[in-house]
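Visitor: Contents are mmCIF, C-alpha atoms; file name protein.cif:
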data_final
#
loop_
_atom_site.group_PDB
_atom_site.id
_atom_site.type_symbol
_atom_site.label_atom_id
_atom_site.label_comp_id
_atom_site.auth_asym_id
_atom_site.auth_seq_id
_atom_site.Cartn_x
_atom_site.Cartn_y
_atom_site.Cartn_z
ATOM 1 C CA MET A 20 -4.177 12.134 13.059
ATOM 2 C CA ALA A 21 -7.192 11.268 15.209
ATOM 3 C CA GLN A 22 -9.265 13.571 13.038
ATOM 4 C CA LEU A 23 -7.948 11.752 9.967
ATOM 5 C CA MET A 24 -9.017 8.397 11.412
ATOM 6 C CA SER A 25 -12.457 9.811 12.200
ATOM 7 C CA LEU A 26 -12.683 11.188 8.673
ATOM 8 C CA LEU A 27 -11.792 7.775 7.267
ATOM 9 C CA VAL A 28 -14.589 6.094 9.225
ATOM 10 C CA GLN A 29 -17.196 8.712 8.364
ATOM 11 C CA ASN A 30 -16.317 8.899 4.673
ATOM 12 C CA ALA A 31 -14.991 5.409 4.018
ATOM 13 C CA ILE A 32 -17.175 4.810 0.963
ATOM 14 C CA ALA A 33 -16.201 8.102 -0.683
ATOM 15 C CA ILE A 34 -12.520 7.544 0.130
ATOM 16 C CA VAL A 35 -12.605 4.012 -1.295
ATOM 17 C CA PHE A 36 -14.210 5.331 -4.474
ATOM 18 C CA ALA A 37 -11.725 8.204 -4.840
ATOM 19 C CA ALA A 38 -8.659 6.050 -4.133
ATOM 20 C CA SER A 39 -9.782 3.234 -6.433
ATOM 21 C CA PHE A 40 -10.687 5.620 -9.249
ATOM 22 C CA ALA A 41 -7.372 7.475 -8.959
ATOM 23 C CA ALA A 42 -5.435 4.205 -8.974
ATOM 24 C CA ARG A 43 -7.261 3.016 -12.084
ATOM 25 C CA LEU A 44 -6.296 6.249 -13.814
ATOM 26 C CA GLY A 45 -2.657 5.488 -13.035
ATOM 27 C CA LEU A 46 -2.093 7.934 -10.194
ATOM 28 C CA PRO A 47 0.273 6.736 -7.431
ATOM 29 C CA VAL A 48 -2.494 6.231 -4.875
ATOM 30 C CA PRO A 49 -2.339 3.186 -2.519
ATOM 31 C CA ALA A 50 -5.868 1.988 -3.254
ATOM 32 C CA ALA A 51 -5.086 -1.547 -2.082
ATOM 33 C CA ALA A 52 -3.988 -0.232 1.318
ATOM 34 C CA VAL A 53 -7.188 1.820 1.567
ATOM 35 C CA LEU A 54 -9.220 -1.325 0.915
ATOM 36 C CA VAL A 55 -7.266 -3.287 3.519
ATOM 37 C CA VAL A 56 -7.964 -0.616 6.133
ATOM 38 C CA SER A 57 -11.600 -0.527 5.029
ATOM 39 C CA GLY A 58 -11.771 -4.286 5.530
ATOM 40 C CA ALA A 59 -10.723 -3.818 9.144
ATOM 41 C CA LEU A 60 -13.366 -1.123 9.579
ATOM 42 C CA LEU A 61 -15.963 -3.458 8.071
ATOM 43 C CA ALA A 62 -15.107 -6.068 10.678
ATOM 44 C CA ALA A 63 -15.731 -3.502 13.404
ATOM 45 C CA GLY A 64 -19.145 -2.739 11.935
ATOM 46 C CA ASN A 65 -18.265 0.879 11.213
ATOM 47 C CA VAL A 66 -18.780 0.783 7.445
ATOM 48 C CA SER A 67 -21.345 -0.661 5.025
ATOM 49 C CA VAL A 68 -20.015 -3.719 3.197
ATOM 50 C CA VAL A 69 -22.304 -3.210 0.219
ATOM 51 C CA GLY A 70 -21.427 0.474 -0.012
ATOM 52 C CA VAL A 71 -17.676 -0.133 -0.009
ATOM 53 C CA VAL A 72 -17.859 -2.938 -2.576
ATOM 54 C CA LEU A 73 -20.118 -0.963 -4.906
ATOM 55 C CA ALA A 74 -17.898 2.114 -4.594
ATOM 56 C CA ALA A 75 -14.755 0.143 -5.451
ATOM 57 C CA VAL A 76 -16.352 -1.718 -8.365
ATOM 58 C CA LEU A 77 -17.908 1.435 -9.817
ATOM 59 C CA ALA A 78 -14.598 3.302 -9.533
ATOM 60 C CA ASN A 79 -12.808 0.460 -11.310
ATOM 61 C CA LEU A 80 -15.392 0.328 -14.069
ATOM 62 C CA LEU A 81 -15.326 4.084 -14.664
ATOM 63 C CA GLY A 82 -11.536 4.388 -14.607
ATOM 64 C CA ASP A 83 -10.871 1.277 -16.658
ATOM 65 C CA GLY A 84 -13.736 2.164 -18.986
ATOM 66 C CA ALA A 85 -12.197 5.544 -19.758
ATOM 67 C CA TRP A 86 -8.882 3.914 -20.696
ATOM 68 C CA PHE A 87 -10.678 1.165 -22.640
ATOM 69 C CA TYR A 88 -12.476 3.767 -24.747
ATOM 70 C CA ALA A 89 -9.243 5.681 -25.334
ATOM 71 C CA GLY A 90 -7.467 2.510 -26.443
ATOM 72 C CA ARG A 91 -10.368 1.564 -28.695
ATOM 73 C CA ARG A 92 -10.462 5.049 -30.198
ATOM 74 C CA PHE A 93 -6.758 5.859 -30.562
ATOM 75 C CA GLY A 94 -4.980 2.478 -30.416
ATOM 76 C CA TYR A 95 -1.244 2.376 -29.835
ATOM 77 C CA ARG A 96 -0.948 6.139 -30.145
ATOM 78 C CA PHE A 97 -2.703 6.377 -26.807
ATOM 79 C CA MET A 98 -0.475 3.673 -25.314
ATOM 80 C CA ARG A 99 2.579 5.759 -26.105
ATOM 81 C CA LEU A 100 0.991 8.820 -24.513
ATOM 82 C CA LEU A 101 0.089 6.795 -21.440
ATOM 83 C CA CYS A 102 3.675 5.646 -20.994
ATOM 84 C CA ARG A 103 4.977 9.186 -21.373
ATOM 85 C CA ILE A 104 2.877 10.418 -18.447
ATOM 86 C CA SER A 105 3.237 7.263 -16.369
ATOM 87 C CA LEU A 106 6.086 6.483 -13.986
ATOM 88 C CA SER A 107 5.908 2.804 -14.910
ATOM 89 C CA PRO A 108 8.508 1.361 -17.316
ATOM 90 C CA ASP A 109 7.355 1.242 -20.924
ATOM 91 C CA SER A 110 7.740 -2.545 -20.863
ATOM 92 C CA CYS A 111 4.367 -2.588 -19.103
ATOM 93 C CA VAL A 112 2.758 -2.225 -22.540
ATOM 94 C CA ARG A 113 4.478 -5.352 -23.836
ATOM 95 C CA ARG A 114 3.537 -7.259 -20.683
ATOM 96 C CA GLY A 115 -0.068 -6.111 -20.997
ATOM 97 C CA GLU A 116 -0.121 -7.091 -24.663
ATOM 98 C CA SER A 117 1.286 -10.507 -23.802
ATOM 99 C CA LEU A 118 -1.273 -11.061 -21.043
ATOM 100 C CA ILE A 119 -4.253 -10.149 -23.204
ATOM 101 C CA GLY A 120 -2.948 -12.074 -26.189
ATOM 102 C CA ARG A 121 -2.598 -15.200 -24.053
ATOM 103 C CA TRP A 122 -5.563 -14.984 -21.674
ATOM 104 C CA GLY A 123 -8.068 -12.675 -23.359
ATOM 105 C CA GLY A 124 -10.617 -11.187 -20.983
ATOM 106 C CA LEU A 125 -9.259 -13.153 -18.022
ATOM 107 C CA SER A 126 -6.101 -11.065 -18.295
ATOM 108 C CA LEU A 127 -8.057 -8.136 -16.850
ATOM 109 C CA VAL A 128 -8.278 -10.098 -13.602
ATOM 110 C CA ALA A 129 -4.562 -10.891 -13.464
ATOM 111 C CA ALA A 130 -3.622 -7.346 -14.473
ATOM 112 C CA LYS A 131 -5.289 -5.927 -11.350
ATOM 113 C CA PHE A 132 -2.515 -7.452 -9.279
ATOM 114 C CA VAL A 133 0.446 -6.602 -11.545
ATOM 115 C CA PRO A 134 1.923 -3.121 -10.958
ATOM 116 C CA GLY A 135 1.988 -1.011 -14.115
ATOM 117 C CA VAL A 136 0.081 -3.545 -16.191
ATOM 118 C CA SER A 137 -3.174 -2.783 -14.354
ATOM 119 C CA VAL A 138 -3.239 0.637 -16.028
ATOM 120 C CA VAL A 139 -2.339 -0.451 -19.564
ATOM 121 C CA ALA A 140 -4.517 -3.588 -19.733
ATOM 122 C CA PRO A 141 -7.868 -1.775 -20.299
ATOM 123 C CA PRO A 142 -6.653 0.466 -23.164
ATOM 124 C CA MET A 143 -4.783 -2.510 -24.602
ATOM 125 C CA ALA A 144 -8.026 -4.512 -24.562
ATOM 126 C CA GLY A 145 -9.711 -1.650 -26.391
ATOM 127 C CA ALA A 146 -6.910 -1.386 -28.947
ATOM 128 C CA LEU A 147 -7.102 -5.126 -29.605
ATOM 129 C CA GLY A 148 -10.816 -4.900 -30.376
ATOM 130 C CA MET A 149 -12.414 -6.516 -27.321
ATOM 131 C CA SER A 150 -16.183 -5.930 -27.405
ATOM 132 C CA VAL A 151 -17.648 -3.399 -24.984
ATOM 133 C CA TRP A 152 -19.944 -5.843 -23.209
ATOM 134 C CA ARG A 153 -17.226 -8.458 -22.901
ATOM 135 C CA PHE A 154 -14.936 -5.846 -21.391
ATOM 136 C CA ILE A 155 -17.617 -4.696 -18.944
ATOM 137 C CA GLY A 156 -18.316 -8.251 -17.832
ATOM 138 C CA PHE A 157 -14.680 -9.153 -17.266
ATOM 139 C CA ASP A 158 -13.859 -5.805 -15.671
ATOM 140 C CA ILE A 159 -16.690 -6.082 -13.154
ATOM 141 C CA GLY A 160 -15.557 -9.602 -12.304
ATOM 142 C CA ALA A 161 -11.954 -8.449 -11.969
ATOM 143 C CA ALA A 162 -12.984 -5.516 -9.778
ATOM 144 C CA LEU A 163 -15.010 -7.782 -7.490
ATOM 145 C CA ILE A 164 -12.075 -10.164 -7.071
ATOM 146 C CA TRP A 165 -9.584 -7.327 -6.518
ATOM 147 C CA THR A 166 -11.861 -5.634 -3.990
ATOM 148 C CA GLY A 167 -12.688 -8.871 -2.217
ATOM 149 C CA VAL A 168 -9.051 -9.903 -1.840
ATOM 150 C CA PHE A 169 -7.953 -6.699 -0.130
ATOM 151 C CA LEU A 170 -11.096 -6.293 1.947
ATOM 152 C CA GLY A 171 -10.627 -9.904 3.009
ATOM 153 C CA LEU A 172 -7.049 -9.222 4.068
ATOM 154 C CA GLY A 173 -8.241 -6.292 6.140
ATOM 155 C CA TRP A 174 -10.953 -8.421 7.699
ATOM 156 C CA ALA A 175 -8.519 -11.251 8.491
ATOM 157 C CA PHE A 176 -5.973 -8.947 10.122
ATOM 158 C CA ARG A 177 -8.512 -6.552 11.610
ATOM 159 C CA GLU A 178 -7.106 -6.685 15.139
ATOM 160 C CA GLN A 179 -3.572 -5.856 14.048
ATOM 161 C CA ILE A 180 -4.773 -3.110 11.702
ATOM 162 C CA GLN A 181 -6.977 -1.542 14.360
ATOM 163 C CA GLU A 182 -4.007 -1.537 16.732
ATOM 164 C CA VAL A 183 -1.915 0.219 14.094
ATOM 165 C CA LEU A 184 -4.686 2.760 13.500
ATOM 166 C CA ALA A 185 -4.888 3.422 17.228
ATOM 167 C CA MET A 186 -1.119 3.941 17.379
ATOM 168 C CA LEU A 187 -1.285 6.306 14.412
ATOM 169 C CA ALA A 188 -4.075 8.273 16.088
ATOM 170 C CA GLN A 189 -1.929 8.680 19.199
ATOM 171 C CA ALA A 190 1.173 9.594 17.213
ATOM 172 C CA GLY A 191 -0.560 12.618 15.705
ATOM 173 C CA GLY A 192 1.556 14.784 13.403
ATOM 174 C CA ILE A 193 4.502 12.387 13.455
ATOM 175 C CA ALA A 194 2.365 9.651 11.898
ATOM 176 C CA THR A 195 1.052 12.039 9.262
ATOM 177 C CA LEU A 196 4.596 13.059 8.380
ATOM 178 C CA ALA A 197 5.637 9.405 8.202
ATOM 179 C CA LEU A 198 2.823 8.645 5.754
ATOM 180 C CA VAL A 199 3.842 11.588 3.580
ATOM 181 C CA VAL A 200 7.456 10.389 3.599
ATOM 182 C CA VAL A 201 6.402 6.863 2.627
ATOM 183 C CA LEU A 202 4.359 8.178 -0.304
ATOM 184 C CA ALA A 203 7.254 10.385 -1.401
ATOM 185 C CA VAL A 204 9.659 7.438 -1.265
ATOM 186 C CA MET A 205 7.252 5.358 -3.366
ATOM 187 C CA LEU A 206 7.181 8.071 -6.028
ATOM 188 C CA VAL A 207 10.964 8.432 -6.023
ATOM 189 C CA VAL A 208 11.465 4.674 -6.334
ATOM 190 C CA ARG A 209 9.062 4.440 -9.278
ATOM 191 C CA TYR A 210 10.734 7.401 -10.970
ATOM 192 C CA TRP A 211 14.182 5.894 -10.410
ATOM 193 C CA ARG A 212 13.057 2.537 -11.825
ATOM 194 C CA ARG A 213 11.714 4.242 -14.930
ATOM 195 C CA ARG A 214 14.918 6.228 -15.413
ATOM 196 C CA ALA A 215 17.015 3.084 -14.945
ATOM 197 C CA PHE A 216 14.894 1.230 -17.480
ATOM 198 C CA MET A 217 15.184 4.043 -20.009
ATOM 199 C CA ARG A 218 18.976 4.049 -19.590
ATOM 200 C CA LEU A 219 18.967 0.312 -20.233
ATOM 201 C CA THR A 220 17.158 0.778 -23.540
ATOM 202 C CA GLY A 221 18.993 3.974 -24.466
ATOM 203 C CA MET A 222 21.025 3.525 -27.652
ATOM 204 C CA SER A 223 21.524 4.987 -31.108
ATOM 205 C CA ARG A 224 18.505 4.834 -33.383
ATOM 206 C CA ILE A 225 17.843 5.159 -37.088
ATOM 207 C CA THR A 226 15.251 7.450 -38.654
ATOM 208 C CA VAL A 227 12.715 6.522 -41.303
ATOM 209 C CA ASP A 228 14.530 8.574 -43.946
ATOM 210 C CA GLU A 229 17.851 6.931 -43.130
ATOM 211 C CA LEU A 230 16.308 3.462 -43.326
ATOM 212 C CA HIS A 231 14.632 4.270 -46.634
ATOM 213 C CA ASP A 232 17.955 5.387 -48.105
ATOM 214 C CA LEU A 233 19.711 2.243 -46.857
ATOM 215 C CA LEU A 234 17.025 -0.021 -48.323
ATOM 216 C CA ALA A 235 17.540 1.638 -51.698
ATOM 217 C CA GLY A 236 21.308 1.176 -51.493
ATOM 218 C CA GLU A 237 23.621 -1.636 -52.550
ATOM 219 C CA ALA A 238 23.784 -3.256 -49.098
ATOM 220 C CA PRO A 239 20.277 -3.026 -47.618
ATOM 221 C CA PRO A 240 19.947 -3.859 -43.923
ATOM 222 C CA LEU A 241 18.037 -6.792 -42.524
ATOM 223 C CA VAL A 242 14.735 -5.409 -41.186
ATOM 224 C CA ILE A 243 12.987 -7.232 -38.342
ATOM 225 C CA ASP A 244 9.471 -6.608 -37.021
ATOM 226 C CA VAL A 245 9.546 -7.482 -33.304
ATOM 227 C CA ARG A 246 5.855 -6.897 -32.577
ATOM 228 C CA GLY A 247 3.960 -9.674 -30.865
ATOM 229 C CA GLU A 248 0.862 -11.450 -32.111
ATOM 230 C CA ALA A 249 -1.427 -8.928 -30.450
ATOM 231 C CA GLY A 250 0.416 -6.028 -32.077
ATOM 232 C CA LEU A 251 0.102 -7.647 -35.501
ATOM 233 C CA GLN A 252 -3.603 -8.113 -34.853
ATOM 234 C CA VAL A 253 -4.016 -4.382 -34.241
ATOM 235 C CA ASP A 254 -2.008 -3.431 -37.334
ATOM 236 C CA PRO A 255 -1.089 -6.213 -39.807
ATOM 237 C CA ARG A 256 1.020 -3.913 -41.984
ATOM 238 C CA ARG A 257 4.783 -4.201 -42.128
ATOM 239 C CA ILE A 258 7.757 -2.640 -43.846
ATOM 240 C CA PRO A 259 8.195 -4.527 -47.143
ATOM 241 C CA GLY A 260 10.679 -7.365 -46.784
ATOM 242 C CA ALA A 261 10.720 -7.255 -42.986
ATOM 243 C CA LEU A 262 11.035 -10.530 -41.107
ATOM 244 C CA SER A 263 8.756 -11.154 -38.133
ATOM 245 C CA TYR A 264 10.469 -12.227 -34.909
ATOM 246 C CA THR A 265 9.218 -11.305 -31.454
ATOM 247 C CA LEU A 266 11.660 -10.262 -28.760
ATOM 248 C CA LYS A 267 11.170 -13.621 -27.058
ATOM 249 C CA ALA A 268 11.835 -15.469 -30.309
ATOM 250 C CA LEU A 269 15.064 -13.544 -30.865
ATOM 251 C CA GLN A 270 16.169 -14.411 -27.355
ATOM 252 C CA GLN A 271 15.366 -18.103 -27.735
ATOM 253 C CA ARG A 272 15.744 -18.875 -31.460
ATOM 254 C CA HIS A 273 18.580 -16.641 -32.587
ATOM 255 C CA GLY A 274 20.114 -19.503 -34.541
ATOM 256 C CA GLU A 275 17.098 -19.648 -36.857
ATOM 257 C CA LEU A 276 17.696 -16.149 -38.208
ATOM 258 C CA PRO A 277 19.160 -15.776 -41.690
ATOM 259 C CA VAL A 278 22.909 -15.232 -41.616
ATOM 260 C CA ILE A 279 23.464 -11.636 -40.571
ATOM 261 C CA GLY A 280 27.160 -11.526 -41.333
ATOM 262 C CA GLY A 281 28.290 -7.945 -41.716
ATOM 263 C CA ARG A 282 24.818 -6.615 -42.523
ATOM 264 C CA ASP A 283 23.199 -3.888 -40.499
ATOM 265 C CA VAL A 284 20.000 -4.857 -38.716
ATOM 266 C CA VAL A 285 17.070 -2.491 -38.175
ATOM 267 C CA LEU A 286 14.343 -3.486 -35.750
ATOM 268 C CA TYR A 287 10.976 -1.869 -35.232
ATOM 269 C CA CYS A 288 7.848 -2.163 -33.124
ATOM 270 C CA ASN A 289 4.896 0.031 -32.229
ATOM 271 C CA CYS A 290 5.725 0.225 -28.548
ATOM 272 C CA PRO A 291 6.437 3.414 -26.572
ATOM 273 C CA ASN A 292 10.006 4.661 -26.941
ATOM 274 C CA GLU A 293 10.845 1.669 -29.163
ATOM 275 C CA VAL A 294 11.430 -0.380 -26.011
ATOM 276 C CA SER A 295 10.982 -3.838 -27.550
ATOM 277 C CA ALA A 296 13.062 -2.927 -30.601
ATOM 278 C CA ALA A 297 15.844 -1.552 -28.392
ATOM 279 C CA GLN A 298 15.883 -4.668 -26.225
ATOM 280 C CA ALA A 299 15.933 -6.878 -29.316
ATOM 281 C CA ALA A 300 18.806 -4.829 -30.746
ATOM 282 C CA ARG A 301 20.801 -5.406 -27.569
ATOM 283 C CA VAL A 302 20.152 -9.147 -27.860
ATOM 284 C CA LEU A 303 21.547 -9.204 -31.411
ATOM 285 C CA LEU A 304 24.531 -7.037 -30.509
ATOM 286 C CA ALA A 305 25.357 -9.355 -27.619
ATOM 287 C CA ARG A 306 25.297 -12.284 -30.056
ATOM 288 C CA GLY A 307 27.683 -10.804 -32.551
ATOM 289 C CA ALA A 308 25.678 -8.512 -34.827
ATOM 290 C CA ARG A 309 27.875 -5.710 -36.119
ATOM 291 C CA ARG A 310 25.207 -3.033 -35.967
ATOM 292 C CA ALA A 311 21.609 -3.272 -34.752
ATOM 293 C CA LEU A 312 19.434 -0.177 -34.517
ATOM 294 C CA PRO A 313 15.833 0.462 -33.429
ATOM 295 C CA LEU A 314 13.715 2.480 -35.848
ATOM 296 C CA THR A 315 12.696 5.791 -34.312
ATOM 297 C CA GLY A 316 8.910 5.974 -34.096
ATOM 298 C CA GLY A 317 8.505 2.374 -35.228
ATOM 299 C CA LEU A 318 5.984 1.320 -37.833
ATOM 300 C CA ASP A 319 3.775 4.341 -37.165
ATOM 301 C CA ALA A 320 6.574 6.693 -38.198
ATOM 302 C CA TRP A 321 7.170 4.668 -41.364
ATOM 303 C CA VAL A 322 3.474 4.785 -42.277
ATOM 304 C CA ALA A 323 3.168 8.482 -41.401
ATOM 305 C CA SER A 324 6.022 9.287 -43.783
ATOM 306 C CA GLY A 325 4.030 7.839 -46.686
ATOM 307 C CA ARG A 326 6.406 4.934 -47.275
ATOM 308 C CA PRO A 327 4.919 1.730 -48.742
ATOM 309 C CA THR A 328 3.835 -1.194 -46.572
ATOM 310 C CA SER A 329 2.841 -4.798 -47.140
ATOM 311 C CA LEU A 330 0.668 -7.185 -45.133
ATOM 312 C CA HIS A 331 1.921 -9.990 -42.916
#
Show how you would write the structure in this file as C-alpha cells.
Guide:
Amino acid sequence: MAQLMSLLVQNAIAIVFAASFAARLGLPVPAAAVLVVSGALLAAGNVSVVGVVLAAVLANLLGDGAWFYAGRRFGYRFMRLLCRISLSPDSCVRRGESLIGRWGGLSLVAAKFVPGVSVVAPPMAGALGMSVWRFIGFDIGAALIWTGVFLGLGWAFREQIQEVLAMLAQAGGIATLALVVVLAVMLVVRYWRRRAFMRLTGMSRITVDELHDLLAGEAPPLVIDVRGEAGLQVDPRRIPGALSYTLKALQQRHGELPVIGGRDVVLYCNCPNEVSAAQAARVLLARGARRALPLTGGLDAWVASGRPTSLH
C-alpha cells in the first residue's frame, strides 16, 4: 500500500486524468474521491495545482465531447445504446432531458453532481442540437466547478485525509483488499438498483403490428405520446391521432384526459426500454384504466416499420 501511495504522489496528474476520463465515459471509477485525495496532496505541496486542474478539465472535455458528438450524430439511438451498457437506471435519460430542457447549457454544470445524469447529459445536449462552441464553453465551466469543488474538499480536510492515507500505507495488503471490496460493493449496488428499476417497469407491451391492427379495428385504442418537450424538439413526428401528455402531466392532470372508459390505452416514447411509457402505463392502471400498454420500440419502431406519422 505504501508503494501505491508513492505512486499516487508521483503520478497524481496522470491518475487524475485517467480517473476523470474514465468517469466521464461512464465507467464506475471514483473520480471525485481521486480529486479529493489530490486536493490533500496539493495542500502538502506534493502536486502541481495547475497540472491537476488542467488534467481534470481536459479529461472532462474529451470524455464529454465524445458523448456529445455521438448524441449529435446518432440522437436517441445512441441514448438507448448507452443505457444498455450502463449500470444506471434508464430513467437517467429522462432526468437528463428534463435538466437540459429546463436549464440549457447550465444543466451541464448540475449534471456533473447527479449520478447517472452526468454521463447522459453531454449526448443529450448533442441530440437536442446544442452548438459545438456553446457546449465547449459550458462543459469547460462545468469541469472547472466540478474539479474545484472536490479539490477544495480535499484541501479543507487535508489533515484528516493525510492521516487516513498514512493509516492505509501502514495497513498494507489489508487496505488494498478493503478498497477492492468497496469498489465491488459499489458495482453490485448499482447493478441491483438497475435490476430493481427494470422489474418496476417490467410489464406486457404491444408491438407496432399489433397497434396498427387495433387502430384499423372497430374499437381503436387511445394512443398517448409521453415524450417531453425536449424529445419533441428532437423528433416532432407522432403517431397519427396520438395525444401528447408527459409522464408528469399524467401524474398530475389525469382528470383532464378524455374519458378512457373501457378503451385500451397505448403509450409510447423514445426512451430506452420504454421506461417513461411503462411508468405512465402504471399510472393509468392505478387510476382505473382497464388496459394500458407501452409500445415496444416506441416511436422509432413505428417509423422504422414504414407506418405513417404526423407532426405535433
Visitor: Of the candidates A:Trp165, A:Phe97, A:Phe40, A:Tyr264, which shows the shortest atom-to-atom distance to A:Met143, using only C-alpha atoms?
Guide: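 When distances to A:Met143 are compared using only C-alpha atoms, the smallest one comes from A:Phe97.
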Visitor: To one decimal in Å, tell me the separation between atom CA of A:Leu241 and atom CA of A:Arg301.
Guide: 15.3 Å
Visitor: Dump as JSON lines the rows for residues of stretch 220-262 of chain A within 7 Å of stretch 320-329 of chain A: closest atom pair and distance in Å with one decimal, only C-alpha atoms counted, ordered by chain and rising residue number.
Guide:
{"residue": "A:Val227", "atom": "CA", "partner": "A:Trp321", "partner_atom": "CA", "distance": 5.8}
{"residue": "A:Arg256", "atom": "CA", "partner": "A:Ser329", "partner_atom": "CA", "distance": 5.5}
{"residue": "A:Arg257", "atom": "CA", "partner": "A:Ser329", "partner_atom": "CA", "distance": 5.4}
{"residue": "A:Ile258", "atom": "CA", "partner": "A:Thr328", "partner_atom": "CA", "distance": 5.0}
{"residue": "A:Pro259", "atom": "CA", "partner": "A:Ser329", "partner_atom": "CA", "distance": 5.4}
Visitor: Could you state the separation of atom CA of A:Leu262 and atom CA of A:Cys288 in Å, given to one decimal place?
Guide: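 Distance reported for this atom pair: 12.0 Å.
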Visitor: Show me, as a list of chain:residue names, the residues that have an atom within 6 Å of stretch 146-154 of chain A when counting all atoms listed in the file, minus same-chain residues fewer than 5 positions from it.
Guide: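 Within the cut-off, the hits are A:Gly90, A:Arg91, A:Gly94, A:Val253.
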Visitor: Apply the PyMOL selection byres ((chain A and resi 229) around 12) to the file shown and report the selected residues as a ChimeraX atom specification.
Guide: /A:224-228,230-236,239-240,285,312-315,321
Visitor: Selection from above, C-alpha atoms, as an mmCIF file, in the frame of the given file, can you write it?
Guide:
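Saved to again38.cif:
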data_model
loop_
_atom_site.group_PDB
_atom_site.id
_atom_site.type_symbol
_atom_site.label_atom_id
_atom_site.label_comp_id
_atom_site.auth_asym_id
_atom_site.auth_seq_id
_atom_site.Cartn_x
_atom_site.Cartn_y
_atom_site.Cartn_z
ATOM 1 C CA ARG A 224 18.505 4.834 -33.383
ATOM 2 C CA ILE A 225 17.843 5.159 -37.088
ATOM 3 C CA THR A 226 15.251 7.450 -38.654
ATOM 4 C CA VAL A 227 12.715 6.522 -41.303
ATOM 5 C CA ASP A 228 14.530 8.574 -43.946
ATOM 6 C CA LEU A 230 16.308 3.462 -43.326
ATOM 7 C CA HIS A 231 14.632 4.270 -46.634
ATOM 8 C CA ASP A 232 17.955 5.387 -48.105
ATOM 9 C CA LEU A 233 19.711 2.243 -46.857
ATOM 10 C CA LEU A 234 17.025 -0.021 -48.323
ATOM 11 C CA ALA A 235 17.540 1.638 -51.698
ATOM 12 C CA GLY A 236 21.308 1.176 -51.493
ATOM 13 C CA PRO A 239 20.277 -3.026 -47.618
ATOM 14 C CA PRO A 240 19.947 -3.859 -43.923
ATOM 15 C CA VAL A 285 17.070 -2.491 -38.175
ATOM 16 C CA LEU A 312 19.434 -0.177 -34.517
ATOM 17 C CA PRO A 313 15.833 0.462 -33.429
ATOM 18 C CA LEU A 314 13.715 2.480 -35.848
ATOM 19 C CA THR A 315 12.696 5.791 -34.312
ATOM 20 C CA TRP A 321 7.170 4.668 -41.364
#
Visitor: Please, which residues are within 12 Å of (-19.2, -4.4, -18.7) by the file's coordinates, counting all atoms listed in the file, and could they come as an mmCIF file with C-alpha atoms, in the frame of the given file?
Guide:
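Dumped everything to out-v2.cif:
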data_model
loop_
_atom_site.group_PDB
_atom_site.id
_atom_site.type_symbol
_atom_site.label_atom_id
_atom_site.label_comp_id
_atom_site.auth_asym_id
_atom_site.auth_seq_id
_atom_site.Cartn_x
_atom_site.Cartn_y
_atom_site.Cartn_z
ATOM 1 C CA VAL A 76 -16.352 -1.718 -8.365
ATOM 2 C CA LEU A 77 -17.908 1.435 -9.817
ATOM 3 C CA ASN A 79 -12.808 0.460 -11.310
ATOM 4 C CA LEU A 80 -15.392 0.328 -14.069
ATOM 5 C CA LEU A 81 -15.326 4.084 -14.664
ATOM 6 C CA ASP A 83 -10.871 1.277 -16.658
ATOM 7 C CA GLY A 84 -13.736 2.164 -18.986
ATOM 8 C CA PHE A 87 -10.678 1.165 -22.640
ATOM 9 C CA GLY A 124 -10.617 -11.187 -20.983
ATOM 10 C CA LEU A 127 -8.057 -8.136 -16.850
ATOM 11 C CA PRO A 141 -7.868 -1.775 -20.299
ATOM 12 C CA MET A 149 -12.414 -6.516 -27.321
ATOM 13 C CA SER A 150 -16.183 -5.930 -27.405
ATOM 14 C CA VAL A 151 -17.648 -3.399 -24.984
ATOM 15 C CA TRP A 152 -19.944 -5.843 -23.209
ATOM 16 C CA ARG A 153 -17.226 -8.458 -22.901
ATOM 17 C CA PHE A 154 -14.936 -5.846 -21.391
ATOM 18 C CA ILE A 155 -17.617 -4.696 -18.944
ATOM 19 C CA GLY A 156 -18.316 -8.251 -17.832
ATOM 20 C CA PHE A 157 -14.680 -9.153 -17.266
ATOM 21 C CA ASP A 158 -13.859 -5.805 -15.671
ATOM 22 C CA ILE A 159 -16.690 -6.082 -13.154
ATOM 23 C CA GLY A 160 -15.557 -9.602 -12.304
ATOM 24 C CA ALA A 161 -11.954 -8.449 -11.969
ATOM 25 C CA ALA A 162 -12.984 -5.516 -9.778
#
Visitor: Measure the distance from atom CA of A:Leu303 to atom CA of A:Pro255 in Å and round it to one decimal.
Guide: 24.3 Å
Visitor: Point out the residue among A:Ala144, A:Ala31, A:Leu269, A:Ala37 with the least atom-to-atom distance to A:Val55, counting all atoms listed in the file.
Guide: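 When distances to A:Val55 are compared using all atoms listed in the file, the smallest one comes from A:Ala31.
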Visitor: Could you tell me which of A:Val136, A:Ala89, A:Val128, A:Ser67 comes closest to A:Ala42 if we count only C-alpha atoms?
Guide: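 When distances to A:Ala42 are compared using only C-alpha atoms, the smallest one comes from A:Val136.
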